[in-house]
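Input: a single structure, listed below in structure tokens.
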Amino acid sequence: MSTITETLPQTDSLQQPEDLSALMVQKLDQFLMQAIDSAASEQAQYWSPDEADPESYQASIQPNRERLKQIIGCLDQRSTIDGLELIATTQRSVMVAETDTYTVQSVRWPVFEEVYGEGLLVEPKSVVQANLIVIPDADQTPEAILGLTNDLPKSEQFGKSLAGLGCRLVIPMLIDRADTYAGNPDIGRWTNQPHREFIYRMAFELGRHLIGYEVQKILAVVEWFQQMDLPIGLFGYGEGGLLAFYTAAVEPQIESTVVSGYFNSRQRLWQEPIYRNVWGLLRGYDDAELTRLIPPRHLIVEASHHPAVDGPPPVRDGRGGAAPGQIITPGFDQVKREAERAQQHFDRLSVSDHLQLVQPAESVIGDAKTVSLLASSLGVSGGQPPASTRIYYLPSAEERQQRQFQQLVKLAQRHLLEAASRRKVFFWDQLDDSSPQAWQQSCQPLKACLWDEVIGRCPSPEAPAHPRSRLLYDQPNWTGYEVMLDVWDLPGEETNVFASGILLLPKGIQAGEKRPVVVCQHGLEGRSHDTCDPEITGPYNAYGAKLADLGFVVYAPQNPYIGQDQFRVLQRKANPLQWSLFSLIVRQHEQTLDWLAGLDFVDPERIGFYGLSYGGKTAMRVPALLDRYALSICSADFNEWIVKNATYHSGYSYIFTGEYEMPEFDLGNTFNYAEMAALIAPRPFMVERGHHDGVAPDEWVAHEYAIVRHAYVGLGIGDRTEIEFFDSGHEINGQGTFAFLKRHLSHGSCAE
């Protein structure tokens, strides 16, 4: 390999533009959009309905119902409820308002140990004909939809028309879209995240969801209603429409449901606010498919205007980091198409008329036809609208919002405290530590779970790699080539989805000699050049170039976490498919490993991984899944990762930053960094840690690494793991790690 050529042997000439990173993100985006557009036609594969009779049907869809509960985080045992608690003080009676036909009282009800639902109870003065839960949009108060305030036009005071039906109403309040409390005053950290996003982020990491939390609040009321021998109905608008729909899907005892201002295809879920993001939603739970869980009960879709949400609250001094996202009213034809897709599920069960689509008068929520259909489906004969209303007092919506917000923060933090115990049962109790071989074998189901359920397993590379290269560097000890490898075909496109990187090839490799490879992975917003170019200073400290000087073959992949929202939206598009950004990255590395292993000068048994920062994040996930990496070194990232993603009590937390793609669904209960390292074992594993690295405090790093060390020592392979602390910050130190690489990858061909 002494002759310098313009391309690597057995590769074609690379002719693409000089910076491939933006093109890579663009191609991955196209791949995801194709997958999303295909998802609608693939939804049926996730269902196996038995339509022989109603009992068989309900039994056959129960697994789908349970899966829905899981992905919306509707999992926890609720508190026992035997009634609603009336809210009153010595200075104020429980009565909020009264008409000649009903009373309005302020109430709360237990949901979890630290969480109460809260809202209004509307009690008819005549005989109660049915029980109805009326769920406003997130930015509407129960008082506003009852017309007790002037916050809404009369056409949107749908609670008032429903109160006139002679039904008992409970109207819960929801977490709103303001950012008033989205921060922690005790540590001086604030964001512009809507309250809904702030709760979503910490809950998502822990296998929970704001949707699930609020569905549970509604289900608690349903449980109380079930103690009475009356039909139960739901009416929801906007975010309340979403919750009514999901609640009806998980609770078969709800007779009739109105979904207003929400129903539509979820093919563009990634454009909606992030607090609507649901892991794997497009694997059988697009709105039309979700209706499979409703019949033979009634569903009324009211195609009213949706809440207008242009984005999160504005960025301002000390407040930022919110994810983009909008809510836009779809055209009636769009809603109709989704309803027509849903209709087939009702038709096959011979309850065609149990699905109704209503196009209301302009700007109306709770159209007269909608209300009439709801009343008919509940067997309600109707009541009298009130002639006048007497208001005694109005509850403080702001105080109620703050209480409800803080309760859910505390709930999520309790789930965080419980996460380590859950991981012990889920992960550590399943492992056989009698030998390294037994350990590896017992890790296989857990590795499959990490890939399938947490990272997400997208299709294997299907395109021939077709390697292309071009000469970039000619250094005294090595030459450097930029490389491009196809991964997936993009029909009709000149350029496919690809992987790329830079190969540093030491000079003087003898014929037949096979060298070890170190894969050097850049961090957030980085490029392959950053790790390889000896002229670039900074956190990487040219560690790829230095390793090539030592005689290692070095490959520096380009990972797609570059371009800020351009790459973060990849995560948004991937999540409803039950994929993530790392679903794509793992497959790119698979194709890269195949190519590297086939090079004449590479020893395929000695390919190691060494990543900094986001590259360290890669070092935890990719080698845990791909056994062909012979070792892994995590630099400037290893820490108590679940706490970093979900804690409310530390400024290190991603809750307060703009990295909204960081939460990975249910990672907290399954795989922290110690668990990922355990999947790497018995292969060598090392952590490189600067004392002044702002990623996390030393205590978090040392605590998490102690679990890793304990596992390796218990297997009798304590010499295969180590941690190096050094007196600097977020950078490559390249001292203990280089010695680690020499010890575990080299045997005579590289400098000692």
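Within each chain, counting starts at residue 1; across the structure tokens, chains are named A, B, ... in the order shown, with ligands numbered 1 upward in that order.
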
- Who sits within 8 Å of stretch 154-166 of chain A, only C-alpha atoms, same chain under 6 positions skipped, as JSON, numbers by chain: {"A": [101, 102, 122, 124, 126, 127, 128, 129, 130, 134, 142, 144, 145, 146, 147, 363, 364, 365, 366, 371, 375, 380, 381, 382, 383, 384, 385, 386]}

Give me a file of those residues, with C-alpha atoms, as an mmCIF file, in the first residue's frame.
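The resulting file, again_21.cif, is reproduced below:
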```
data_model
loop_
_atom_site.group_PDB
_atom_site.id
_atom_site.type_symbol
_atom_site.label_atom_id
_atom_site.label_comp_id
_atom_site.auth_asym_id
_atom_site.auth_seq_id
_atom_site.Cartn_x
_atom_site.Cartn_y
_atom_site.Cartn_z
ATOM 1 C CA THR A 101 -81.800 23.310 35.593
ATOM 2 C CA TYR A 102 -78.402 22.440 37.098
ATOM 3 C CA VAL A 122 -72.457 19.867 36.681
ATOM 4 C CA PRO A 124 -78.877 18.307 36.888
ATOM 5 C CA SER A 126 -83.931 16.740 37.293
ATOM 6 C CA VAL A 127 -83.409 12.991 36.997
ATOM 7 C CA VAL A 128 -79.919 12.224 35.657
ATOM 8 C CA GLN A 129 -80.177 10.359 32.357
ATOM 9 C CA ALA A 130 -76.512 9.734 31.616
ATOM 10 C CA VAL A 134 -66.641 16.936 28.753
ATOM 11 C CA PRO A 142 -64.032 24.402 32.340
ATOM 12 C CA ALA A 144 -65.146 29.133 29.790
ATOM 13 C CA ILE A 145 -66.850 26.264 27.940
ATOM 14 C CA LEU A 146 -69.796 26.534 30.361
ATOM 15 C CA GLY A 147 -70.142 30.209 29.502
ATOM 16 C CA SER A 363 -66.791 28.302 14.114
ATOM 17 C CA VAL A 364 -69.198 26.082 16.063
ATOM 18 C CA ILE A 365 -68.029 23.484 18.560
ATOM 19 C CA GLY A 366 -70.798 21.166 19.701
ATOM 20 C CA VAL A 371 -75.285 17.047 20.402
ATOM 21 C CA ALA A 375 -77.937 12.289 23.149
ATOM 22 C CA VAL A 380 -81.017 10.735 26.488
ATOM 23 C CA SER A 381 -84.346 12.347 25.659
ATOM 24 C CA GLY A 382 -83.025 15.877 26.123
ATOM 25 C CA GLY A 383 -83.423 18.613 28.691
ATOM 26 C CA GLN A 384 -84.087 22.311 28.928
ATOM 27 C CA PRO A 385 -81.382 24.932 28.383
ATOM 28 C CA PRO A 386 -81.020 27.253 31.370
#
```

- Item | Test item: residues at most 6 Å from stretch 39-52 of chain A, only C-alpha atoms, excluding those fewer than 4 positions along its chain, as a list in words |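 So the residues in contact are Ser56, Tyr57, Ser60, Ile61, Arg283 and Gly284 of chain A.
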
- Per DSSP on the backbone, filter stretch 473-712 of chain A down to the residues in alpha helix (DSSP H) and report them as a PyMOL selection string. chain A and resi 528-532+543-549+565-574+581-597+614-625+641-646+673-680+698-712

- Item | Length of the atom CA of A:Leu152 to atom CA of A:Gln356 vector [Å] |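 So the answer is 26.5 Å.
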
- Item | Those of stretch 438-662 of chain A in DSSP strand (DSSP E or B), formatted as JSON, numbers by chain | {"A": [468, 469, 470, 471, 472, 473, 474, 478, 479, 480, 481, 482, 483, 484, 485, 486, 487, 488, 497, 498, 499, 500, 501, 502, 503, 504, 505, 506, 515, 516, 517, 518, 519, 520, 521, 553, 554, 555, 556, 557, 558, 602, 603, 604, 605, 606, 607, 608, 609, 610, 611, 612, 631, 632, 633, 634, 635]}

Each residue of stretch 43-96 of chain A lying at most 10 Å from stretch 223-242 of chain A should get a row with its shortest atom-to-atom pair and the distance in Å to one decimal, counting only C-alpha atoms; could you produce that, ordered by chain and increasing number, as JSON lines?
```
{"residue": "A:Thr80", "atom": "CA", "partner": "A:Glu223", "partner_atom": "CA", "distance": 8.9}
{"residue": "A:Ile81", "atom": "CA", "partner": "A:Trp224", "partner_atom": "CA", "distance": 6.3}
{"residue": "A:Asp82", "atom": "CA", "partner": "A:Trp224", "partner_atom": "CA", "distance": 6.1}
{"residue": "A:Gly83", "atom": "CA", "partner": "A:Trp224", "partner_atom": "CA", "distance": 6.1}
{"residue": "A:Leu84", "atom": "CA", "partner": "A:Trp224", "partner_atom": "CA", "distance": 8.1}
```

Resulting file, chosen residues, C-alpha atoms, as a PDB file, in the first residue's frame:
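The result, written out as selection31.pdb:
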```pdb
ATOM      1  CA  THR A  80     -59.335   4.020  44.609  1.00  0.00           C
ATOM      2  CA  ILE A  81     -62.164   6.452  43.952  1.00  0.00           C
ATOM      3  CA  ASP A  82     -65.578   6.305  45.601  1.00  0.00           C
ATOM      4  CA  GLY A  83     -66.661   9.816  44.737  1.00  0.00           C
ATOM      5  CA  LEU A  84     -65.536  13.317  43.858  1.00  0.00           C
TER       6      LEU A  84
END
```

- Message: Set the distance at 10 Å and use only C-alpha atoms: which residues neighbour A:Ile655 once local chain neighbours fewer than 4 positions away are removed? I'd like the list as a PyMOL selection string.
- Response: chain A and resi 182-183+189-191+193+197-202+321-322+644-651+659-660+662-663

May I have the selected residues written with C-alpha atoms, as a compact mmCIF listing (two decimals), in the first residue's frame?
```txt
# COMPACT_ATOMS: atom_id res chain seq x y z
CA ALA A 182 -41.89 25.60 32.64
CA GLY A 183 -38.72 25.71 34.67
CA ARG A 189 -33.53 27.46 34.93
CA TRP A 190 -36.44 28.42 32.70
CA THR A 191 -37.66 27.47 29.24
CA GLN A 193 -41.60 25.07 26.50
CA GLU A 197 -43.98 19.74 26.42
CA PHE A 198 -42.19 20.22 29.74
CA ILE A 199 -44.12 17.30 31.28
CA TYR A 200 -43.88 15.24 28.09
CA ARG A 201 -40.07 15.31 28.03
CA MET A 202 -39.49 13.87 31.48
CA GLY A 321 -35.41 25.41 24.01
CA ALA A 322 -38.98 24.51 22.99
CA LYS A 644 -29.80 13.71 32.86
CA ASN A 645 -32.84 13.33 30.63
CA ALA A 646 -35.59 13.35 33.22
CA THR A 647 -34.59 15.19 36.38
CA TYR A 648 -36.25 18.46 37.32
CA HIS A 649 -33.72 19.21 40.02
CA SER A 650 -30.43 19.74 38.18
CA GLY A 651 -29.17 22.26 35.68
CA GLU A 659 -32.08 19.10 22.52
CA TYR A 660 -35.67 17.97 22.27
CA MET A 662 -32.85 13.39 23.48
CA PRO A 663 -35.72 11.54 25.25
```

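By only C-alpha atoms, and with residues fewer than 6 positions from A:Pro604 along its chain excluded, the set lying at most 10 Å from it is Lys514, Arg515, Pro516, Val517, Leu593, Asp594, Trp595, Leu596, Ala597, Gly598, Arg628, Tyr629 and Ala630 of chain A.
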
Those same residues, written as a PDB file, in the first residue's frame with C-alpha atoms?
```pdb
ATOM      1  CA  LYS A 514      -4.081  -6.913   8.534  1.00  0.00           C
ATOM      2  CA  ARG A 515      -4.296  -3.968  10.904  1.00  0.00           C
ATOM      3  CA  PRO A 516      -6.786  -3.112  13.659  1.00  0.00           C
ATOM      4  CA  VAL A 517      -9.261  -0.297  13.013  1.00  0.00           C
ATOM      5  CA  LEU A 593     -18.602  -2.555   9.121  1.00  0.00           C
ATOM      6  CA  ASP A 594     -19.373  -4.834   6.170  1.00  0.00           C
ATOM      7  CA  TRP A 595     -17.186  -2.678   3.958  1.00  0.00           C
ATOM      8  CA  LEU A 596     -14.345  -2.283   6.461  1.00  0.00           C
ATOM      9  CA  ALA A 597     -14.271  -6.017   7.185  1.00  0.00           C
ATOM     10  CA  GLY A 598     -13.772  -6.716   3.469  1.00  0.00           C
ATOM     11  CA  ARG A 628     -18.657  -6.796  15.421  1.00  0.00           C
ATOM     12  CA  TYR A 629     -17.275  -3.821  17.312  1.00  0.00           C
ATOM     13  CA  ALA A 630     -14.521  -5.469  19.338  1.00  0.00           C
TER      14      ALA A 630
END
```

- May I have the residues within 6 Å of stretch 24-34 of chain A as a PyMOL selection string, using only C-alpha atoms and disregarding those fewer than 3 positions away in the same chain? chain A and resi 21+37+497+560

- Note on the structure: Min atom-atom distance to A:Val622 from the set A:Asn559, A:Gln564, A:Gln407, A:Thr657, counting only C-alpha atoms, belongs to A:Asn559

- Query: Smallest atom-to-atom distance to A:Glu255: which of A:Leu374, A:Leu281, A:Gly480, A:Arg689, using only C-alpha atoms?
  - Reply: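 Using only C-alpha atoms, the shortest distance to A:Glu255 belongs to A:Leu374.
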
Which neighbours of A:Leu446 fall inside 10 Å, counting only C-alpha atoms, when residues of the same chain fewer than 6 positions from it are skipped, and could you give them as a PDB file with N, CA and C atoms, in the first residue's frame?
```
ATOM      1  N   PHE A 426     -36.125  -5.700  35.279  1.00  0.00           N
ATOM      2  CA  PHE A 426     -36.209  -5.895  33.829  1.00  0.00           C
ATOM      3  C   PHE A 426     -34.916  -6.452  33.259  1.00  0.00           C
ATOM      4  N   PHE A 427     -33.769  -5.935  33.741  1.00  0.00           N
ATOM      5  CA  PHE A 427     -32.491  -6.222  33.091  1.00  0.00           C
ATOM      6  C   PHE A 427     -31.599  -7.138  33.921  1.00  0.00           C
ATOM      7  N   TRP A 428     -31.148  -6.650  35.071  1.00  0.00           N
ATOM      8  CA  TRP A 428     -30.099  -7.348  35.803  1.00  0.00           C
ATOM      9  C   TRP A 428     -30.558  -8.707  36.327  1.00  0.00           C
ATOM     10  N   GLN A 430     -32.241 -10.771  34.864  1.00  0.00           N
ATOM     11  CA  GLN A 430     -32.373 -11.725  33.759  1.00  0.00           C
ATOM     12  C   GLN A 430     -31.029 -12.303  33.319  1.00  0.00           C
ATOM     13  N   LEU A 431     -29.915 -11.800  33.874  1.00  0.00           N
ATOM     14  CA  LEU A 431     -28.601 -12.151  33.355  1.00  0.00           C
ATOM     15  C   LEU A 431     -27.991 -13.325  34.123  1.00  0.00           C
ATOM     16  N   ASP A 452     -35.396  -3.431  19.217  1.00  0.00           N
ATOM     17  CA  ASP A 452     -36.767  -3.419  18.700  1.00  0.00           C
ATOM     18  C   ASP A 452     -37.665  -2.392  19.389  1.00  0.00           C
ATOM     19  N   THR A 670     -35.464   0.587  31.316  1.00  0.00           N
ATOM     20  CA  THR A 670     -34.888  -0.537  30.587  1.00  0.00           C
ATOM     21  C   THR A 670     -33.367  -0.473  30.509  1.00  0.00           C
ATOM     22  N   PHE A 671     -32.810   0.597  29.926  1.00  0.00           N
ATOM     23  CA  PHE A 671     -31.380   0.613  29.622  1.00  0.00           C
ATOM     24  C   PHE A 671     -30.766   1.971  29.938  1.00  0.00           C
ATOM     25  N   GLU A 675     -26.459  -0.471  31.793  1.00  0.00           N
ATOM     26  CA  GLU A 675     -27.076  -1.612  31.109  1.00  0.00           C
ATOM     27  C   GLU A 675     -26.553  -1.736  29.675  1.00  0.00           C
ATOM     28  N   MET A 676     -26.370  -0.603  28.990  1.00  0.00           N
ATOM     29  CA  MET A 676     -25.811  -0.672  27.634  1.00  0.00           C
ATOM     30  C   MET A 676     -24.394  -1.224  27.667  1.00  0.00           C
ATOM     31  N   LEU A 679     -24.360  -4.874  27.885  1.00  0.00           N
ATOM     32  CA  LEU A 679     -24.586  -5.545  26.605  1.00  0.00           C
ATOM     33  C   LEU A 679     -23.319  -5.578  25.763  1.00  0.00           C
TER      34      LEU A 679
END
```

- Contact residues around A:Ala248 with only C-alpha atoms at 12 Å, ignoring same-chain residues under 5 positions, as a PyMOL selection string: chain A and resi 65+68-69+133+215-216+218-219+222+232-236+241-243+253-259+290-300

- Query: What is the distance, in Å and to one decimal place, between atom CA of A:Leu741 and atom CA of A:Ala702?
  - Reply: 21.5 Å

- For atom CA of A:His305 and atom CA of A:Gly331, quote the distance in Å rounded to one decimal.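 Between these atoms lies a distance of 9.2 Å.
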
- Item | Selected residue, from A:Ser580, A:Ser421, A:Thr90, A:Asn575, that lies nearest to A:Arg276 when counting only C-alpha atoms |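 Among A:Ser580, A:Ser421, A:Thr90, A:Asn575, it is A:Asn575 that comes nearest to A:Arg276.
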